[in-house]
Amino acid sequence: MGTNVRHPAVAGRFYPGEPDILAQDVASYLSPRSEGIPALGCVVPHAGYIYSGSVAGAVYAALHIPRRCILMCPNHTGRGQPLAMGATGSWETPLGPVPIDAALADTLQQRFPMLSEDMEAHRSEHAAEVQLPFMQVRRPHFSFVPIALGTGSFETLEALGEALADVIAAQDESVLIIASSDMNHYESDKVTRVKDHKAIDRILALDARGLFDVVMKEEISMCGFGPTVAMLTAAKRLGATKAELIKYATSGDVSGDRDMVVGYAGITVR
């Protein structure tokens with residue numbers, strides 16, 4: 001595989017590092033499974049599985065995972081380029097390697113040259129990595145393009161979404177766009193639920209600009225608003241007519257601490 005293997009950064013911390021335990025854990029969150037609805041996009045959380053696994057699992061249990069996916073996440077580490085894409089090689093998880101879709105990455109970069117091939121932004125980033133075991137259990141063979149976003153510019157995010165739509169529309173098979181995001185951070189459960197539902201309402205309305213504006217105006221610390229804005233822009237251009245809130249929870253539902261929580265929303269867009 002050469003040097004282009006991205007090794008797990010958070011196995012054994014955010015999720016189990018042992019393959020058998022991980023597969024069992026993921027399967028428990030994916031229960032019950034449906035045949036899977038084909039979707040254009042989705043929003044899934046990325047905390048430790050103990051906190052957000054049930055919300056992520058509810059989305060992946062409901063979705064059909066196609067053979068090719070684009071997985072966008074925020075850049076929590078501040079490393080690397082603001083629009084950072086993995087373009088070649090593979091990502092390892094305890095469940096095995098997942099290949100990067102080099103052809104799709106190349107087409108994307110040609111359509112949107114602001115995307116840099118940059119693994120530094122991804123090396124220690126957990127937000128894309130934690131999605132892969134769910135996808136591997138749900139669909140053993142798939143390829144993906146990882147994109148980490150460290151920009152808060154609406155115009156840039158919208159342009160990325162338009163580029164994604166153009167590239168996906170030209171493919172001869174469906175491509176799922178996954179936006180990895182937690183919702184509001186480190187306020188009370190009560191405040192977080194109110195803030196989160198203002199953001200969720202805009203996502204359900206397929207309103208990318210409205211989401212961006214409400215996140216800024218209400219100071220909602222939704223880390224993956226960038227991936228979500230780009231995903232919504234693309235899905236809308238690809239003909240999306242409906243978004244559905246599959247599950248919502250806060251970390252307080254697990255920890256019992258309602259004073260300082262993180263919100264988690266699982267949403268499908270089709």
# chains A, B, ... in the order shown; residues from 1 in each chain; ligands from 1
>>> residues_around(residues="stretch 142-147 of chain A", least_positions_apart="2", cutoff="9 Å", atoms="only C-alpha atoms", output="PDB file with C-alpha atoms, in the first residue's frame")
ATOM      1  CA  ILE A  65     -24.531   3.216   1.744  1.00  0.00           C
ATOM      2  CA  PRO A  66     -23.575   3.301  -1.947  1.00  0.00           C
ATOM      3  CA  ARG A  67     -20.256   2.069  -3.333  1.00  0.00           C
ATOM      4  CA  ARG A  68     -18.816   5.591  -3.381  1.00  0.00           C
ATOM      5  CA  CYS A  69     -19.052   8.288  -0.699  1.00  0.00           C
ATOM      6  CA  ILE A  70     -17.722  11.763   0.039  1.00  0.00           C
ATOM      7  CA  LEU A  71     -17.044  12.251   3.747  1.00  0.00           C
ATOM      8  CA  MET A  72     -16.670  15.849   4.921  1.00  0.00           C
ATOM      9  CA  CYS A  73     -15.687  16.849   8.432  1.00  0.00           C
ATOM     10  CA  PRO A  74     -14.533  19.944  10.317  1.00  0.00           C
ATOM     11  CA  LEU A  83      -9.816  22.745   2.197  1.00  0.00           C
ATOM     12  CA  ALA A  84      -7.943  19.476   2.650  1.00  0.00           C
ATOM     13  CA  MET A  85      -8.664  16.333   0.689  1.00  0.00           C
ATOM     14  CA  GLY A  86      -7.205  12.847   0.859  1.00  0.00           C
ATOM     15  CA  ALA A  87      -6.697  11.967  -2.803  1.00  0.00           C
ATOM     16  CA  THR A  88      -4.881   8.612  -2.900  1.00  0.00           C
ATOM     17  CA  SER A  90      -6.337   4.156   1.996  1.00  0.00           C
ATOM     18  CA  VAL A  98     -10.916   1.579   3.184  1.00  0.00           C
ATOM     19  CA  PRO A  99      -9.621   2.805  -0.189  1.00  0.00           C
ATOM     20  CA  ILE A 100      -9.752   6.453  -1.179  1.00  0.00           C
ATOM     21  CA  ASP A 101     -11.656   6.965  -4.435  1.00  0.00           C
ATOM     22  CA  ALA A 102      -8.753   8.478  -6.373  1.00  0.00           C
ATOM     23  CA  LEU A 104     -13.518  10.881  -7.763  1.00  0.00           C
ATOM     24  CA  ALA A 105     -10.942  12.934  -5.822  1.00  0.00           C
ATOM     25  CA  LEU A 115      -9.236  21.689  -2.693  1.00  0.00           C
ATOM     26  CA  HIS A 122      -6.500  14.485   8.450  1.00  0.00           C
ATOM     27  CA  ALA A 128     -14.089  11.485   9.638  1.00  0.00           C
ATOM     28  CA  MET A 135     -19.849   2.327   7.016  1.00  0.00           C
ATOM     29  CA  GLN A 136     -17.649  -0.787   6.944  1.00  0.00           C
ATOM     30  CA  ARG A 139     -21.200  -1.888   3.449  1.00  0.00           C
ATOM     31  CA  PRO A 140     -18.053  -4.046   3.500  1.00  0.00           C
ATOM     32  CA  LEU A 149     -12.869  21.888   6.189  1.00  0.00           C
ATOM     33  CA  PRO A 227     -19.587  20.341   5.894  1.00  0.00           C
TER      34      PRO A 227
END
>>> residues_around(residues="stretch 154-163 of chain A", least_positions_apart="5", cutoff="7 Å", atoms="only C-alpha atoms", output="list of chain:residue names")
A:Arg111, A:Phe112, A:Gly226, A:Val229, A:Ala230, A:Met231, A:Thr233, A:Ala234
>>> select_by_dssp(residues="stretch 116-203 of chain A", states="helix (DSSP H, G or I)", output="ChimeraX atom specification")
/A:120-123,129-138,154-169,189-203
>>> atom_distance(atom1="atom CA of A:Thr151", atom2="atom CA of A:Asp182")
16.6 Å
>>> select_by_dssp(residues="stretch 15-262 of chain A", states="strand (DSSP E or B)", output="ChimeraX atom specification")
/A:15,37,41-44,63,68-74,83-85,90-93,96-100,116-117,143-149,175-180,185-187,243-250,261-262
>>> write_last_selection(atoms="N, CA and C atoms", output="compact mmCIF listing (two decimals), in the first residue's frame")
# COMPACT_ATOMS: atom_id res chain seq x y z
N TYR A 15 -13.53 4.88 20.07
CA TYR A 15 -14.23 3.62 19.79
C TYR A 15 -13.26 2.47 20.07
N ILE A 37 -32.60 3.48 2.92
CA ILE A 37 -33.15 4.44 1.96
C ILE A 37 -32.00 5.07 1.19
N GLY A 41 -27.55 12.91 0.92
CA GLY A 41 -26.65 13.36 1.97
C GLY A 41 -27.16 13.02 3.34
N CYS A 42 -26.32 13.26 4.34
CA CYS A 42 -26.73 13.04 5.73
C CYS A 42 -25.84 13.86 6.65
N VAL A 43 -26.33 14.06 7.87
CA VAL A 43 -25.54 14.67 8.94
C VAL A 43 -25.42 13.63 10.04
N VAL A 44 -24.20 13.35 10.48
CA VAL A 44 -23.98 12.36 11.55
C VAL A 44 -22.96 12.91 12.56
N LEU A 63 -29.91 4.23 6.33
CA LEU A 63 -29.39 4.62 5.02
C LEU A 63 -28.95 3.43 4.17
N ARG A 68 -19.72 4.44 -3.43
CA ARG A 68 -18.82 5.59 -3.38
C ARG A 68 -19.43 6.67 -2.48
N CYS A 69 -18.59 7.26 -1.64
CA CYS A 69 -19.05 8.29 -0.70
C CYS A 69 -18.05 9.45 -0.64
N ILE A 70 -18.56 10.61 -0.29
CA ILE A 70 -17.72 11.76 0.04
C ILE A 70 -17.98 12.07 1.51
N LEU A 71 -16.93 12.09 2.30
CA LEU A 71 -17.04 12.25 3.75
C LEU A 71 -16.37 13.56 4.16
N MET A 72 -17.20 14.53 4.54
CA MET A 72 -16.67 15.85 4.92
C MET A 72 -16.75 16.03 6.43
N CYS A 73 -15.71 16.62 6.99
CA CYS A 73 -15.69 16.85 8.43
C CYS A 73 -15.05 18.20 8.73
N PRO A 74 -15.27 18.74 9.93
CA PRO A 74 -14.53 19.94 10.32
C PRO A 74 -13.09 19.60 10.63
N LEU A 83 -8.98 23.64 3.01
CA LEU A 83 -9.82 22.74 2.20
C LEU A 83 -8.94 21.55 1.84
N ALA A 84 -8.93 20.56 2.72
CA ALA A 84 -7.94 19.48 2.65
C ALA A 84 -8.60 18.16 2.27
N MET A 85 -8.08 17.58 1.19
CA MET A 85 -8.66 16.33 0.69
C MET A 85 -7.62 15.22 0.69
N SER A 90 -5.24 4.77 1.25
CA SER A 90 -6.34 4.16 2.00
C SER A 90 -6.28 4.59 3.45
N TRP A 91 -7.39 4.39 4.13
CA TRP A 91 -7.47 4.64 5.58
C TRP A 91 -7.67 3.31 6.28
N GLU A 92 -6.87 3.08 7.30
CA GLU A 92 -7.01 1.87 8.11
C GLU A 92 -7.95 2.13 9.28
N THR A 93 -8.78 1.15 9.58
CA THR A 93 -9.47 1.10 10.87
C THR A 93 -9.21 -0.30 11.43
N GLY A 96 -10.12 -3.01 9.09
CA GLY A 96 -9.44 -3.18 7.80
C GLY A 96 -9.34 -1.87 7.03
N PRO A 97 -8.73 -1.93 5.83
CA PRO A 97 -8.51 -0.71 5.04
C PRO A 97 -9.74 -0.28 4.25
N VAL A 98 -9.89 1.02 4.08
CA VAL A 98 -10.92 1.58 3.18
C VAL A 98 -10.18 2.40 2.13
N PRO A 99 -10.35 2.06 0.84
CA PRO A 99 -9.62 2.80 -0.19
C PRO A 99 -10.20 4.20 -0.43
N ILE A 100 -9.31 5.13 -0.71
CA ILE A 100 -9.75 6.45 -1.18
C ILE A 100 -10.11 6.33 -2.66
N SER A 116 -7.08 21.18 -1.70
CA SER A 116 -5.67 20.76 -1.72
C SER A 116 -5.57 19.30 -1.33
N GLU A 117 -4.68 18.57 -2.01
CA GLU A 117 -4.37 17.22 -1.54
C GLU A 117 -3.48 17.40 -0.31
N SER A 143 -15.56 2.89 -1.38
CA SER A 143 -14.43 3.82 -1.41
C SER A 143 -14.97 5.21 -1.09
N PHE A 144 -14.07 6.10 -0.68
CA PHE A 144 -14.56 7.41 -0.25
C PHE A 144 -13.51 8.48 -0.51
N VAL A 145 -13.97 9.74 -0.47
CA VAL A 145 -13.07 10.89 -0.54
C VAL A 145 -13.22 11.66 0.78
N PRO A 146 -12.16 11.73 1.60
CA PRO A 146 -12.23 12.49 2.84
C PRO A 146 -11.86 13.96 2.60
N ILE A 147 -12.68 14.86 3.13
CA ILE A 147 -12.43 16.29 3.01
C ILE A 147 -12.57 16.93 4.39
N ALA A 148 -11.52 17.61 4.85
CA ALA A 148 -11.57 18.33 6.13
C ALA A 148 -11.65 19.82 5.85
N LEU A 149 -12.62 20.48 6.47
CA LEU A 149 -12.87 21.89 6.19
C LEU A 149 -12.50 22.76 7.38
N VAL A 175 -23.65 8.78 -5.34
CA VAL A 175 -22.56 9.08 -4.39
C VAL A 175 -23.20 9.74 -3.18
N LEU A 176 -22.96 9.21 -2.00
CA LEU A 176 -23.53 9.77 -0.77
C LEU A 176 -22.58 10.81 -0.19
N ILE A 177 -23.12 11.97 0.20
CA ILE A 177 -22.32 13.01 0.86
C ILE A 177 -22.61 12.97 2.36
N ILE A 178 -21.59 12.68 3.15
CA ILE A 178 -21.74 12.59 4.59
C ILE A 178 -21.11 13.83 5.23
N ALA A 179 -21.90 14.56 6.01
CA ALA A 179 -21.40 15.71 6.76
C ALA A 179 -21.26 15.29 8.22
N SER A 180 -20.04 15.24 8.69
CA SER A 180 -19.77 14.83 10.07
C SER A 180 -19.80 16.07 10.97
N HIS A 185 -22.02 22.94 21.75
CA HIS A 185 -21.05 22.41 22.71
C HIS A 185 -21.06 23.18 24.03
N TYR A 186 -21.03 22.42 25.12
CA TYR A 186 -20.63 22.90 26.46
C TYR A 186 -21.50 24.03 27.02
N GLU A 187 -22.80 23.93 26.75
CA GLU A 187 -23.76 24.75 27.48
C GLU A 187 -24.74 23.78 28.14
N ALA A 243 -35.69 16.44 4.02
CA ALA A 243 -34.72 16.05 5.05
C ALA A 243 -35.51 15.53 6.24
N GLU A 244 -34.92 14.58 6.93
CA GLU A 244 -35.63 13.96 8.06
C GLU A 244 -34.69 13.83 9.26
N LEU A 245 -35.16 14.28 10.42
CA LEU A 245 -34.41 14.10 11.66
C LEU A 245 -34.64 12.68 12.15
N ILE A 246 -33.59 11.86 12.07
CA ILE A 246 -33.71 10.44 12.46
C ILE A 246 -33.62 10.29 13.97
N LYS A 247 -32.69 11.05 14.59
CA LYS A 247 -32.54 10.95 16.04
C LYS A 247 -31.79 12.18 16.55
N TYR A 248 -32.18 12.61 17.75
CA TYR A 248 -31.47 13.70 18.42
C TYR A 248 -31.21 13.30 19.87
N ALA A 249 -30.05 13.66 20.37
CA ALA A 249 -29.72 13.39 21.77
C ALA A 249 -28.66 14.39 22.22
N THR A 250 -28.43 14.44 23.52
CA THR A 250 -27.28 15.19 24.02
C THR A 250 -26.43 14.24 24.86
N VAL A 261 -23.30 20.09 28.14
CA VAL A 261 -23.52 18.96 27.24
C VAL A 261 -23.05 19.29 25.82
N VAL A 262 -23.04 18.27 24.99
CA VAL A 262 -22.87 18.43 23.54
C VAL A 262 -24.09 17.81 22.88
>>> closest_residue(among="A:Tyr60, A:Phe212, A:Phe14, A:Phe225", to="A:Ser34", atoms="only C-alpha atoms")
A:Tyr60
>>> closest_residue(among="A:Gly256, A:Gly48, A:Gly150, A:Gly263", to="A:Gly12", atoms="only C-alpha atoms")
A:Gly48
>>> closest_residue(among="A:Asp118, A:Gly252, A:Ser153, A:Met222", to="A:Arg209", atoms="only C-alpha atoms")
A:Ser153
>>> residues_around(residues="A:Ser188", least_positions_apart="6", cutoff="8 Å", atoms="only C-alpha atoms", output="JSON, numbers by chain")
{"A": [258, 259, 260, 261]}
